[in-house]
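Student: My questions all concern the structure below.
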Amino acid sequence: MINIGEVIETNDMVEKENLDVRTITLGISLLDCIDSDLAKVNENIYNKITTLAKNLVSTGKEIENNYCIPIVNKRISVTPIALVGGAACKSSEDFVTIAKTLDRAAKEVGVNFIGGYSALVSKGMTKADELLIKSIPQAMLETDLVCSSVNVGSTKTGINMDAVKLIGEMIKETAEVTKHLPVSGCAKFVVFCNAPDDNPFMAGAFHGVTEADAIINVGVSGPGVVKTALEKVRGENFEVLCETIKKTAFKVTRVGQLVAKEASKKLGVPFGIIDLSLAPTPAIGDSVADILCEIGLERAGAPGTTAALALLNDQVKKGGIMASSYVGGLSGAFIPVSEDQGMIDAVNDGALTLEKLEAMTCVCSVGLDMIAIPGDTKATTISGIIADEMAIGMINQKTTACRLLPAIGKDVGDVVEIGGLLGSAPVMPVNRFSCDAFVNRGGRIPASIHSFKN
């Protein structure tokens, strides 16, 4: 039985503490759209998306109105396009036509983003995978709503360094060709190790091949809710601190569970997972860095930051799994620099460096996210940063990712304005020593000893 106190508490979370359902993401399998004729593939993709997703946005708005819970984004994820287009696409330009079809379908149904312009290459690349990766700069230039991702490593297979090298070059090219756009194409591309099949968050969402024909996944967020709860237990010991985070995460996840069940019922699509991720926004009071400060740090990046983030991430997961039997996706704490005012302040104050962020990714839910780097950073250096991050994921059996933004024409200390939920990012210094010989070796870094579990 829900009592009036719980209703008031939830209202306060929404109105004062920035609780929101960050996204309802409809996952759609495009495996039945495969054809050897490119025109037919594009027709199949457009028809399937616009049929299954035609009521997604209106359903989200209806749930918002019924429950007074903000649903910030309505999104779509699809089967990795390298798989769908492989039989028909003979060039990178062919793949770009599919990107444009995805964009057109997304605009038709009114969603914010569509993810799945992706390839899974952790052990090797097919010709289609390579063509898709090479097409990403042009695809990001010619579309508005398409998000792209590539999985280059896993605990079971190791790290595909040929793909890592190619992606470093591709990121540089994407930054250059989209530098005149309001949002850099690099902000809509992420590279993964151990990418989950059911992630509802962009830019990394894709519909895994083991998923049903269509599925509803919901991402819920509330850094401000956690911070407000922790303000009430200042000075208490770690047991009290952890219990407070866990109980708060439980309440936030229940909100997501309610929305997911309603969306599933109204759309006639099975419910997949709840992703409880503390995903910050540029709004004041909606910051993961501020939670770390509330835990006891002067600034994010101070000694103790990695331990505080590990504690936070773990308790969020523990609270989430008690609230829903189907917690999945990434679920934990995100640390995107451009989207978190507290992180931006820490960078500007000299408390937070790229190296410290990398250490933090060992215990958070994603990786090096929305980080602006000097525009003249070499492609091999970008590949080296990616390789480091992928190694953390492979060895630690966790998801890690990189979303790096080479800021063309800008240097350390300059600011890149991205806009909207993506915020702005101070350009951070990158180690200038060369890793060229390492990146250019080619081949694959073998799976770690932790992969032998059978």
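To be explicit about the labels: the chains of the structure tokens are called A, B, and onward in the order shown, and within each one the residues are counted from 1, while ligands get numbers from 1 in the order they are shown.
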Excluding Glu231 (chain A) and its own-chain neighbours fewer than 6 positions away, which residues fall within 10 Å of it when counting only C-alpha atoms? Please give them as a VMD selection string.
Tutor: chain A and resid 291 294 to 295
Student: Running DSSP on the backbone, which parts of region 19-92 of chain A land in helix (DSSP H, G or I), as a PyMOL selection string?
Tutor: chain A and resi 31-33+38-52+56-67+81-85+92
Student: Near region 431-435 of chain A, counting only C-alpha atoms, which residues have an atom at most 9 Å away, once you skip same-chain residues fewer than 6 positions from it, shown as a list in words?
Tutor: Leu354, Thr377, Thr380, Thr381, Ser383 and Gly384 of chain A
Student: As a compact mmCIF listing (two decimals) with N, CA and C atoms, in the first residue's frame, please: the residues near Glu236 (chain A) (cut-off 12 Å, only C-alpha atoms, same-chain neighbours under 6 positions excluded).
Tutor:
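File written: result_4.txt
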```
# COMPACT_ATOMS: atom_id res chain seq x y z
N LEU A 230 22.30 11.92 0.79
CA LEU A 230 23.57 11.89 1.52
C LEU A 230 23.77 13.14 2.38
N CYS A 242 26.53 3.78 3.02
CA CYS A 242 26.21 2.76 2.03
C CYS A 242 24.73 2.40 2.06
N GLU A 243 24.16 2.27 3.24
CA GLU A 243 22.74 1.95 3.35
C GLU A 243 21.88 3.05 2.73
N THR A 244 22.30 4.28 2.91
CA THR A 244 21.54 5.41 2.36
C THR A 244 21.55 5.38 0.83
N GLU A 294 30.08 15.13 -1.68
CA GLU A 294 29.23 14.92 -0.50
C GLU A 294 29.72 13.73 0.32
N ILE A 295 30.31 12.75 -0.33
CA ILE A 295 30.88 11.61 0.38
C ILE A 295 32.09 12.03 1.22
N GLY A 296 32.78 13.11 0.78
CA GLY A 296 33.86 13.61 1.63
C GLY A 296 35.07 14.15 0.91
```
Student: Would you mind listing what lies within 7 Å of region 396-401 of chain A as a PyMOL selection string, with only C-alpha atoms counted and same-chain residues fewer than 3 positions away left out?
Tutor: chain A and resi 155+190-195+365-368+389-390+392-393
Student: Could you save those same residues with C-alpha atoms as a CSV table (one decimal), in the first residue's frame?
Tutor:
```csv
chain,number,residue,atom,x,y,z
A,155,THR,CA,37.2,-10.6,-21.7
A,190,VAL,CA,31.6,5.3,-28.7
A,191,VAL,CA,34.0,2.4,-28.7
A,192,PHE,CA,33.5,-0.5,-26.2
A,193,CYS,CA,35.0,-3.5,-24.5
A,194,ASN,CA,32.4,-6.0,-23.3
A,195,ALA,CA,29.5,-4.0,-24.7
A,365,SER,CA,30.0,1.8,-15.2
A,366,VAL,CA,31.4,3.1,-18.5
A,367,GLY,CA,34.7,4.7,-19.2
A,368,LEU,CA,36.4,7.8,-20.6
A,389,GLU,CA,40.6,1.7,-21.6
A,390,MET,CA,39.8,-1.6,-23.4
A,392,ILE,CA,40.8,-2.2,-18.1
A,393,GLY,CA,37.5,-3.7,-19.3
```
Student: Enumerate as a compact mmCIF listing (two decimals) with C-alpha atoms, in the first residue's frame all residues of region 12-87 of chain A assigned to strand (DSSP E or B) by DSSP on the backbone, naming them with the chain letters and numbers the document uses.
Tutor:
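Wrote it out as selection.txt, contents follow:
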```
# COMPACT_ATOMS: atom_id res chain seq x y z
CA ASP A 20 13.88 11.47 -14.24
CA VAL A 21 13.47 8.51 -16.50
CA ARG A 22 16.34 9.33 -18.82
CA THR A 23 15.14 7.16 -21.67
CA ILE A 24 12.60 4.67 -22.91
CA THR A 25 14.47 2.75 -25.58
CA LEU A 26 12.69 0.44 -27.99
CA GLY A 27 15.04 -2.27 -29.21
CA ILE A 28 14.20 -3.58 -32.69
CA ILE A 71 10.76 10.93 -19.47
CA VAL A 72 13.57 12.89 -21.07
CA ASN A 73 14.24 10.80 -24.17
CA LYS A 74 12.41 8.33 -26.36
CA ARG A 75 14.93 6.34 -28.38
CA ILE A 76 15.38 3.33 -30.64
CA SER A 77 18.18 0.78 -30.81
CA VAL A 78 18.59 -1.65 -33.70
```
Student: What does the distance from CA of Lys134 (chain A) to CA of Val412 (chain A) come to in Å, to one decimal?
Tutor: 28.4 Å
Student: Calculated over only C-alpha atoms, which of the candidates A:Leu145, A:Leu241, A:Ala214, A:Ile386 has the smallest distance to Gly110 (chain A)?
Tutor: A:Leu145
Student: Which is closest to Leu52 (chain A) among A:Gly350, A:Pro282, A:Gly301, A:Gly268, if we use only C-alpha atoms?
Tutor: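 Closest to Leu52 (chain A), using only C-alpha atoms: A:Gly268.
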Student: Name the closest residue to Leu38 (chain A) among the candidates A:Lys410, A:Lys246, A:Lys90, A:His450; distances are taken between atoms, counting only C-alpha atoms.
Tutor: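 Result for the nearest residue to Leu38 (chain A): A:Lys90.
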Student: What does the distance from CA of Val41 (chain A) to CA of Val96 (chain A) come to in Å, to one decimal?
Tutor: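 Value for the CA of Val41 (chain A)-CA of Val96 (chain A) distance: 12.6 Å.
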Student: Could you check which of A:Pro446, A:Gly419, A:Pro137, A:Pro270 is closest to Ile395 (chain A), using only C-alpha atoms?
Tutor: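 Smallest separation from Ile395 (chain A) among the options: A:Pro446.
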Student: Quick one: residues within 9 Å of Thr253 (chain A), only C-alpha atoms, excluding same-chain residues fewer than 5 positions away - as a list in words?
Tutor: Val220, Ser221, Thr248, Leu258, Ile274, Asp275, Leu276, Gly319, Gly320, Ile321, Met322, Ala323, Ser324 and Val327 of chain A
Student: Of the residues A:Glu355, A:Glu130, A:Glu173, A:Asp37, which is the one nearest to Asp376 (chain A), using only C-alpha atoms?
Tutor: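 Distance minimum relative to Asp376 (chain A) lands on A:Glu173.
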Student: Which residue, A:Lys54, A:Lys127, A:Lys317, A:Lys156, has the smallest gap to Ala106 (chain A) when you use only C-alpha atoms?
Tutor: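 Ranked by minimum distance to Ala106 (chain A), first place goes to A:Lys54.
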